[in-house]
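This is data-v7.cif. It holds mmCIF, C-alpha atoms.
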data_entry
loop_
_atom_site.label_atom_id
_atom_site.label_comp_id
_atom_site.auth_asym_id
_atom_site.auth_seq_id
_atom_site.Cartn_x
_atom_site.Cartn_y
_atom_site.Cartn_z
CA MET A 1 6.85 32.39 -30.94
CA ASN A 2 10.15 30.55 -30.30
CA LEU A 3 11.49 27.56 -28.38
CA ILE A 4 11.47 29.45 -25.08
CA SER A 5 7.78 30.34 -25.28
CA LEU A 6 7.17 26.67 -26.11
CA VAL A 7 8.69 25.48 -22.82
CA MET A 8 7.25 28.30 -20.62
CA PRO A 9 4.05 26.37 -19.69
CA PHE A 10 6.21 23.59 -18.30
CA GLY A 11 7.50 25.91 -15.56
CA VAL A 12 3.94 26.71 -14.46
CA PHE A 13 2.83 23.08 -14.45
CA VAL A 14 5.98 21.91 -12.63
CA ALA A 15 5.24 24.42 -9.86
CA LEU A 16 1.57 23.34 -9.75
CA MET A 17 2.48 19.66 -9.46
CA ALA A 18 5.03 20.36 -6.74
CA ALA A 19 2.35 22.42 -4.92
CA VAL A 20 -0.13 19.52 -5.12
CA GLY A 21 2.46 17.11 -3.68
CA LEU A 22 3.57 19.47 -0.93
CA TYR A 23 -0.03 20.26 0.06
CA CYS A 24 -0.82 16.55 0.35
CA LEU A 25 2.39 16.00 2.32
CA ILE A 26 1.32 18.69 4.79
CA VAL A 27 -2.31 17.68 5.33
CA THR A 28 -2.35 13.90 5.03
CA ARG A 29 -2.18 11.48 7.93
CA ASP A 30 -1.98 8.29 5.89
CA MET A 31 1.58 6.93 5.59
CA LEU A 32 1.05 5.41 2.13
CA ARG A 33 -0.37 8.71 0.90
CA VAL A 34 2.79 10.45 2.15
CA ILE A 35 4.79 8.21 -0.21
CA LEU A 36 2.36 9.03 -3.04
CA ALA A 37 2.84 12.75 -2.37
CA LEU A 38 6.64 12.29 -2.49
CA GLU A 39 6.22 10.54 -5.83
CA VAL A 40 4.17 13.45 -7.23
CA ILE A 41 6.89 15.91 -6.17
CA THR A 42 9.55 13.69 -7.77
CA LYS A 43 7.58 13.69 -11.04
CA ALA A 44 7.65 17.50 -11.01
CA VAL A 45 11.42 17.49 -10.40
CA THR A 46 11.97 14.94 -13.19
CA LEU A 47 10.10 17.15 -15.65
CA LEU A 48 12.03 20.20 -14.46
CA LEU A 49 15.36 18.43 -15.13
CA ILE A 50 14.29 17.48 -18.66
CA VAL A 51 13.03 20.99 -19.44
CA GLY A 52 16.28 22.41 -18.02
CA GLY A 53 18.26 20.10 -20.30
CA LEU A 54 16.18 21.17 -23.30
CA VAL A 55 16.58 24.88 -22.61
CA SER A 56 20.33 24.70 -21.88
CA GLY A 57 21.05 22.28 -24.72
CA HIS A 58 22.55 19.62 -22.42
CA MET A 59 19.89 16.99 -22.98
CA ALA A 60 22.24 14.00 -22.56
CA LEU A 61 23.36 15.25 -19.15
CA ALA A 62 19.73 15.89 -18.15
CA GLN A 63 18.79 12.35 -19.18
CA ALA A 64 21.71 10.90 -17.20
CA LEU A 65 20.55 12.84 -14.14
CA VAL A 66 16.93 11.72 -14.64
CA ILE A 67 18.00 8.08 -14.85
CA THR A 68 19.95 8.50 -11.59
CA LEU A 69 16.94 10.22 -10.03
CA ILE A 70 14.62 7.38 -11.08
CA VAL A 71 16.92 4.73 -9.58
CA ILE A 72 17.15 6.61 -6.27
CA GLU A 73 13.39 7.24 -6.31
CA VAL A 74 12.64 3.53 -6.69
CA VAL A 75 14.91 2.57 -3.80
CA VAL A 76 13.43 5.28 -1.56
CA ILE A 77 9.87 4.22 -2.41
CA VAL A 78 10.54 0.49 -1.92
CA VAL A 79 12.26 1.00 1.45
CA ALA A 80 9.58 3.50 2.56
CA ALA A 81 6.80 1.06 1.59
CA GLY A 82 8.63 -1.66 3.53
CA ILE A 83 8.83 0.59 6.59
CA VAL A 84 5.11 1.44 6.29
CA ILE A 85 4.18 -2.25 6.13
CA ALA A 86 6.43 -3.04 9.11
CA VAL A 87 4.86 -0.18 11.12
CA TYR A 88 1.35 -1.33 10.09
CA LYS A 89 2.10 -4.86 11.31
CA HIS A 90 3.33 -3.39 14.59
CA THR A 91 0.63 -0.77 15.28
CA GLY A 92 -2.30 -2.00 13.14
CA THR A 93 -2.88 1.43 11.59
CA LEU A 94 -1.57 3.67 8.83
CA ASP A 95 -2.27 6.83 10.83
CA ILE A 96 0.98 8.76 11.13
CA ARG A 97 -0.15 10.34 14.43
CA ARG A 98 0.17 6.93 16.11
CA LEU A 99 3.93 6.92 15.55
CA ARG A 100 4.76 8.50 18.85
CA ASN A 101 7.01 5.86 20.33
CA LEU A 102 10.03 8.15 20.07
CA LYS A 103 8.18 11.21 21.41
CA GLY A 104 10.11 12.70 24.31
CA MET B 1 10.29 27.20 -37.24
CA ASP B 2 6.76 27.52 -38.61
CA PRO B 3 4.61 29.59 -36.15
CA THR B 4 1.52 27.43 -36.78
CA PHE B 5 3.51 24.29 -35.98
CA LEU B 6 4.87 25.90 -32.79
CA LYS B 7 1.34 26.93 -31.74
CA GLN B 8 0.13 23.36 -32.26
CA GLN B 9 3.06 22.06 -30.21
CA LEU B 10 2.30 24.59 -27.45
CA LEU B 11 -1.35 23.52 -27.38
CA MET B 12 -0.33 19.85 -27.28
CA ASN B 13 2.11 20.53 -24.42
CA ILE B 14 -0.58 22.35 -22.43
CA ILE B 15 -3.07 19.48 -22.96
CA LEU B 16 -0.45 16.90 -21.86
CA MET B 17 0.58 18.95 -18.82
CA GLY B 18 -3.10 19.44 -17.90
CA ALA B 19 -3.59 15.67 -18.03
CA MET B 20 -0.50 15.20 -15.88
CA LEU B 21 -1.75 17.72 -13.30
CA LEU B 22 -5.16 16.02 -13.24
CA GLY B 23 -3.41 12.70 -12.60
CA ALA B 24 -1.41 14.25 -9.76
CA VAL B 25 -4.55 15.76 -8.16
CA ALA B 26 -6.36 12.42 -8.51
CA THR B 27 -3.38 10.69 -6.88
CA VAL B 28 -3.66 12.78 -3.73
CA MET B 29 -7.47 13.10 -3.66
CA LEU B 30 -8.82 9.61 -4.47
CA ARG B 31 -10.01 7.76 -1.39
CA GLN B 32 -9.01 4.24 -2.42
CA LEU B 33 -5.25 3.76 -2.39
CA VAL B 34 -5.31 1.31 -5.33
CA LYS B 35 -7.06 3.92 -7.49
CA ALA B 36 -4.55 6.53 -6.27
CA ALA B 37 -1.66 4.24 -7.31
CA ILE B 38 -3.26 3.80 -10.76
CA ALA B 39 -3.66 7.60 -11.06
CA LEU B 40 0.07 7.90 -10.25
CA ALA B 41 0.85 5.38 -13.01
CA PHE B 42 -1.27 7.48 -15.39
CA THR B 43 0.77 10.56 -14.39
CA SER B 44 3.97 8.62 -15.13
CA VAL B 45 2.69 7.55 -18.55
CA VAL B 46 1.82 11.14 -19.49
CA LEU B 47 5.25 12.28 -18.21
CA CYS B 48 6.81 9.60 -20.42
CA ILE B 49 4.95 10.99 -23.49
CA VAL B 50 6.13 14.51 -22.58
CA MET B 51 9.73 13.25 -22.32
CA PHE B 52 9.51 11.61 -25.74
CA LYS B 53 8.20 14.89 -27.15
CA LEU B 54 11.05 16.79 -25.51
CA ASN B 55 13.63 14.52 -27.19
CA ALA B 56 14.59 12.50 -24.09
CA PRO B 57 13.82 8.90 -25.16
CA TRP B 58 16.15 7.12 -22.70
CA ALA B 59 14.71 8.89 -19.69
CA ALA B 60 11.20 8.25 -21.07
CA VAL B 61 11.83 4.50 -21.33
CA PHE B 62 13.12 4.42 -17.75
CA GLU B 63 10.13 6.46 -16.56
CA LEU B 64 7.66 4.13 -18.30
CA SER B 65 9.22 0.84 -17.21
CA VAL B 66 10.31 1.75 -13.69
CA CYS B 67 7.95 4.48 -12.47
CA ALA B 68 4.76 3.47 -14.29
CA GLY B 69 5.48 -0.25 -13.93
CA LEU B 70 7.61 -1.24 -10.96
CA ILE B 71 6.49 1.48 -8.52
CA THR B 72 2.80 0.80 -9.27
CA VAL B 73 3.39 -2.89 -8.54
CA VAL B 74 5.17 -2.00 -5.27
CA PHE B 75 2.29 0.29 -4.23
CA ILE B 76 -0.44 -2.19 -5.06
CA SER B 77 1.48 -4.91 -3.19
CA ALA B 78 1.81 -2.60 -0.17
CA VAL B 79 -1.91 -1.70 -0.31
CA SER B 80 -2.87 -5.37 -0.56
CA LEU B 81 -1.00 -6.05 2.69
CA VAL B 82 -3.16 -3.49 4.49
CA LYS B 83 -6.71 -4.23 5.66
CA PRO B 84 -9.48 -2.47 3.65
CA ALA B 85 -11.05 0.55 5.38
CA THR B 86 -14.25 0.07 7.39
CA GLU B 87 -17.40 2.13 6.75
CA GLU B 88 -16.58 4.32 9.72
CA GLU B 89 -13.05 4.99 8.44
CA ARG B 90 -14.42 5.83 4.98
CA ALA B 91 -16.86 8.36 6.44
CA ALA B 92 -14.05 9.86 8.55
CA HIS B 93 -11.83 10.09 5.46
CA ILE B 94 -14.50 11.96 3.47
CA ARG B 95 -15.00 14.42 6.36
CA PHE B 96 -11.23 14.83 6.66
CA LYS B 97 -10.83 15.37 2.92
CA THR B 98 -13.42 18.15 2.65
CA ARG B 99 -12.00 19.85 5.75
CA ARG B 100 -8.33 19.62 4.84
CA TYR B 101 -8.28 19.89 1.05
CA PHE B 102 -10.57 22.92 0.64
CA LEU B 103 -7.51 25.20 0.40
CA LEU B 104 -5.91 23.19 -2.44
CA PRO B 105 -7.70 25.00 -5.34
CA LEU B 106 -6.70 28.36 -3.83
CA VAL B 107 -3.06 27.25 -3.46
CA LEU B 108 -3.03 25.99 -7.06
CA LEU B 109 -4.54 29.26 -8.31
CA LEU B 110 -1.96 31.35 -6.44
CA VAL B 111 0.98 29.21 -7.60
CA GLY B 112 -0.34 29.17 -11.19
CA VAL B 113 -0.79 32.95 -11.36
CA GLY B 114 2.58 33.57 -9.67
CA MET B 115 4.47 31.21 -11.93
CA SER B 116 2.71 32.55 -15.05
CA TYR B 117 4.01 35.99 -14.14
CA LEU B 118 7.54 34.70 -13.40
CA THR B 119 7.87 32.55 -16.52
CA GLY B 120 6.55 35.46 -18.60
CA GLN B 121 9.91 37.17 -18.04
CA PRO B 122 12.73 36.53 -20.54
CA LEU B 123 14.65 33.42 -19.61
CA PRO B 124 18.45 33.76 -19.28
CA LEU B 125 19.93 31.31 -21.75
CA PRO B 126 23.53 30.12 -21.90
CA ALA B 127 25.57 32.08 -24.43
CA ALA B 128 26.33 29.07 -26.60
CA GLU B 129 24.05 26.07 -26.71
CA SER B 130 26.12 22.92 -26.85
CA ALA B 131 24.92 20.24 -29.21
CA GLY B 132 24.67 17.76 -26.32
CA THR B 133 26.91 14.74 -25.99
CA GLU B 134 25.49 11.33 -26.71
CA LEU B 135 23.94 9.81 -23.60
CA ARG B 136 25.78 6.50 -23.81
CA SER B 137 29.27 8.05 -23.95
CA LEU B 138 28.31 10.59 -21.28
CA LEU B 139 27.01 7.93 -18.88
CA TRP B 140 29.88 5.48 -19.33
CA GLY B 141 32.55 8.15 -19.79
CA SER B 142 32.17 11.25 -17.67
CA ARG B 143 29.36 10.03 -15.35
CA SER B 144 30.62 6.51 -14.66
CA LEU B 145 30.94 7.29 -10.93
CA ASP B 146 27.18 8.02 -10.93
CA LEU B 147 26.56 4.50 -12.23
CA LEU B 148 28.66 3.04 -9.41
CA GLY B 149 26.63 5.15 -6.98
CA GLN B 150 23.39 3.84 -8.51
CA VAL B 151 24.53 0.25 -8.09
CA LEU B 152 25.38 0.94 -4.44
CA VAL B 153 22.02 2.65 -3.89
CA LEU B 154 20.22 -0.35 -5.40
CA LEU B 155 22.17 -2.73 -3.16
CA ALA B 156 21.36 -0.57 -0.14
CA GLY B 157 17.67 -0.69 -1.09
CA VAL B 158 17.66 -4.47 -1.47
CA TRP B 159 19.50 -4.85 1.83
CA GLY B 160 17.03 -2.47 3.50
CA VAL B 161 14.04 -4.53 2.35
CA VAL B 162 15.74 -7.77 3.42
CA VAL B 163 16.36 -6.33 6.89
CA LEU B 164 12.79 -5.02 7.17
CA PHE B 165 11.18 -8.34 6.35
CA LYS B 166 13.61 -10.53 8.29
CA GLU B 167 11.78 -13.32 10.09
CA GLU B 168 12.53 -14.08 13.72
CA LYS B 169 14.26 -17.43 14.21
#
Transcribe the structure of this file into structure tokens.
Amino acid sequence: MNLISLVMPFGVFVALMAAVGLYCLIVTRDMLRVILALEVITKAVTLLLIVGGLVSGHMALAQALVITLIVIEVVVIVVAAGIVIAVYKHTGTLDIRRLRNLKG
Amino acid sequence: MDPTFLKQQLLMNIILMGAMLLGAVATVMLRQLVKAAIALAFTSVVLCIVMFKLNAPWAAVFELSVCAGLITVVFISAVSLVKPATEEERAAHIRFKTRRYFLLPLVLLLVGVGMSYLTGQPLPLPAAESAGTELRSLLWGSRSLDLLGQVLVLLAGVWGVVVLFKEEK
């Protein structure tokens, strides 16, 4: 058993977490749950970056990328939550199917 | 390295990753959004522990303070601005959940088996593993443009929220 076999399970779990997030993103109709699903996918990507840094030996670079990812993630989530609240105030629902104002 | 130690580490990693996956499934499956946000915070905390174990303390601190802290606060604030679901909506959500999420275990099984096969193959490693530069010098030296970009992204986010919640005069 070596370092590589130690990090192998991470690949499986990263894929499983991304699958959970993507599945929720496809089936949900709740706007806040869409943001939660995005967050779950981002967690999987964060872990993948760290494991990539560990395997390649560039851990400092991986950490720098993760910090950048976290900052961007926060801004995306805050603006998305703001948009959801603004839409809720306008339509009175979180159902994403009601957002058909721009439908041609 | 000692094989027994490596086996213990492997077992610990699998337990932590299992907890993280459970947190992720709870995040998407729980009916109440507040509980879902707390499950997401739990996922972040476990990810933070995994990062510490993988020798990434700076990223772990950011994950714990920002993702487990700030984002949970943002979610709970957003949920508190929304009216609680009525009995009818709750019943509809349970019906919807059983109808829509019944494929999730099958998808997870397929992805798990597929990835187990793929990660069972030898992993191509770089020829020479670099020792890894120190994070501080890397961030402020070679990645300083990234930091400028982060500041701009943060400003854009703040400006976005200000525009969204602008009151009519």
Inset, instruction - Measuring atom to atom with all atoms listed in the file, identify which of B:Leu54, B:Met29, B:Ala24, B:Ile14 is nearest to Phe96 (chain B). - result: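 Closest to Phe96 (chain B) of all the choices is B:Met29.
Using only C-alpha atoms, the shortest contact distance between Ile67 (chain A) and any of B:Thr4, B:Thr72, B:Ser65, B:Thr98 is found at B:Ser65.
Nearest-residue note for chain A: choosing from B:Ser116, B:Ser77, B:Gln8, B:Ser144, the minimum distance belongs to B:Ser116, counting only C-alpha atoms.
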TODO: Report the residues retrieved by the PyMOL selection byres ((chain A and resi 59) around 8) from the displayed file, expressed as a PyMOL selection string.
DONE: (chain A and resi 50+53-54+56-58+60-63) or (chain B and resi 55-56+132-133)
Provide as a PDB file with C-alpha atoms, keeping the file's coordinate frame the residues of chain A at most 8 Å from chain B, counting all atoms listed in the file.
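Result went into result36.pdb, see below:
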ATOM      1  CA  MET A   1       6.850  32.390 -30.940  1.00  0.00           C
ATOM      2  CA  ASN A   2      10.150  30.550 -30.300  1.00  0.00           C
ATOM      3  CA  ILE A   4      11.470  29.450 -25.080  1.00  0.00           C
ATOM      4  CA  LEU A   6       7.170  26.670 -26.110  1.00  0.00           C
ATOM      5  CA  VAL A   7       8.690  25.480 -22.820  1.00  0.00           C
ATOM      6  CA  MET A   8       7.250  28.300 -20.620  1.00  0.00           C
ATOM      7  CA  PRO A   9       4.050  26.370 -19.690  1.00  0.00           C
ATOM      8  CA  PHE A  10       6.210  23.590 -18.300  1.00  0.00           C
ATOM      9  CA  GLY A  11       7.500  25.910 -15.560  1.00  0.00           C
ATOM     10  CA  VAL A  12       3.940  26.710 -14.460  1.00  0.00           C
ATOM     11  CA  PHE A  13       2.830  23.080 -14.450  1.00  0.00           C
ATOM     12  CA  ALA A  15       5.240  24.420  -9.860  1.00  0.00           C
ATOM     13  CA  LEU A  16       1.570  23.340  -9.750  1.00  0.00           C
ATOM     14  CA  MET A  17       2.480  19.660  -9.460  1.00  0.00           C
ATOM     15  CA  ALA A  19       2.350  22.420  -4.920  1.00  0.00           C
ATOM     16  CA  VAL A  20      -0.130  19.520  -5.120  1.00  0.00           C
ATOM     17  CA  GLY A  21       2.460  17.110  -3.680  1.00  0.00           C
ATOM     18  CA  TYR A  23      -0.030  20.260   0.060  1.00  0.00           C
ATOM     19  CA  CYS A  24      -0.820  16.550   0.350  1.00  0.00           C
ATOM     20  CA  VAL A  27      -2.310  17.680   5.330  1.00  0.00           C
ATOM     21  CA  LEU A  32       1.050   5.410   2.130  1.00  0.00           C
ATOM     22  CA  ARG A  33      -0.370   8.710   0.900  1.00  0.00           C
ATOM     23  CA  LEU A  36       2.360   9.030  -3.040  1.00  0.00           C
ATOM     24  CA  ALA A  37       2.840  12.750  -2.370  1.00  0.00           C
ATOM     25  CA  VAL A  40       4.170  13.450  -7.230  1.00  0.00           C
ATOM     26  CA  LYS A  43       7.580  13.690 -11.040  1.00  0.00           C
ATOM     27  CA  LEU A  47      10.100  17.150 -15.650  1.00  0.00           C
ATOM     28  CA  ILE A  50      14.290  17.480 -18.660  1.00  0.00           C
ATOM     29  CA  VAL A  51      13.030  20.990 -19.440  1.00  0.00           C
ATOM     30  CA  LEU A  54      16.180  21.170 -23.300  1.00  0.00           C
ATOM     31  CA  VAL A  55      16.580  24.880 -22.610  1.00  0.00           C
ATOM     32  CA  SER A  56      20.330  24.700 -21.880  1.00  0.00           C
ATOM     33  CA  GLY A  57      21.050  22.280 -24.720  1.00  0.00           C
ATOM     34  CA  HIS A  58      22.550  19.620 -22.420  1.00  0.00           C
ATOM     35  CA  MET A  59      19.890  16.990 -22.980  1.00  0.00           C
ATOM     36  CA  ALA A  60      22.240  14.000 -22.560  1.00  0.00           C
ATOM     37  CA  LEU A  61      23.360  15.250 -19.150  1.00  0.00           C
ATOM     38  CA  GLN A  63      18.790  12.350 -19.180  1.00  0.00           C
ATOM     39  CA  ALA A  64      21.710  10.900 -17.200  1.00  0.00           C
ATOM     40  CA  VAL A  66      16.930  11.720 -14.640  1.00  0.00           C
ATOM     41  CA  ILE A  67      18.000   8.080 -14.850  1.00  0.00           C
ATOM     42  CA  THR A  68      19.950   8.500 -11.590  1.00  0.00           C
ATOM     43  CA  ILE A  70      14.620   7.380 -11.080  1.00  0.00           C
ATOM     44  CA  VAL A  71      16.920   4.730  -9.580  1.00  0.00           C
ATOM     45  CA  ILE A  72      17.150   6.610  -6.270  1.00  0.00           C
ATOM     46  CA  VAL A  74      12.640   3.530  -6.690  1.00  0.00           C
ATOM     47  CA  VAL A  75      14.910   2.570  -3.800  1.00  0.00           C
ATOM     48  CA  VAL A  76      13.430   5.280  -1.560  1.00  0.00           C
ATOM     49  CA  ILE A  77       9.870   4.220  -2.410  1.00  0.00           C
ATOM     50  CA  VAL A  78      10.540   0.490  -1.920  1.00  0.00           C
ATOM     51  CA  VAL A  79      12.260   1.000   1.450  1.00  0.00           C
ATOM     52  CA  ALA A  81       6.800   1.060   1.590  1.00  0.00           C
ATOM     53  CA  GLY A  82       8.630  -1.660   3.530  1.00  0.00           C
ATOM     54  CA  ILE A  83       8.830   0.590   6.590  1.00  0.00           C
ATOM     55  CA  ILE A  85       4.180  -2.250   6.130  1.00  0.00           C
ATOM     56  CA  ALA A  86       6.430  -3.040   9.110  1.00  0.00           C
ATOM     57  CA  TYR A  88       1.350  -1.330  10.090  1.00  0.00           C
TER      58      TYR A  88
END
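CA of Gly69 (chain B) sits 16.5 Å away from CA of Thr46 (chain A).
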Separating CA of Phe5 (chain B) from CA of Val45 (chain A), to the nearest tenth of an Å, is a gap of 27.6 Å
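CA of Thr28 (chain A) is positioned 8.6 Å from CA of Ile96 (chain A).
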Can you report as lines of an AutoDock Vina configuration file the centre and edge lengths in Å, to one decimal, of an axis-aligned box around the listed atoms of region 18-35 of chain A padded with 5 Å on each side?
center_x = 1.3
center_y = 13.9
center_z = 0.6
size_x = 17.4
size_y = 27.0
size_z = 24.7
- Query: Using only C-alpha atoms, which of B:Leu30, B:Ala92, B:Val45, B:Ala85 sits nearest Leu64 (chain B)?
  - Reply: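 For Leu64 (chain B), the nearest of the candidates is B:Val45.
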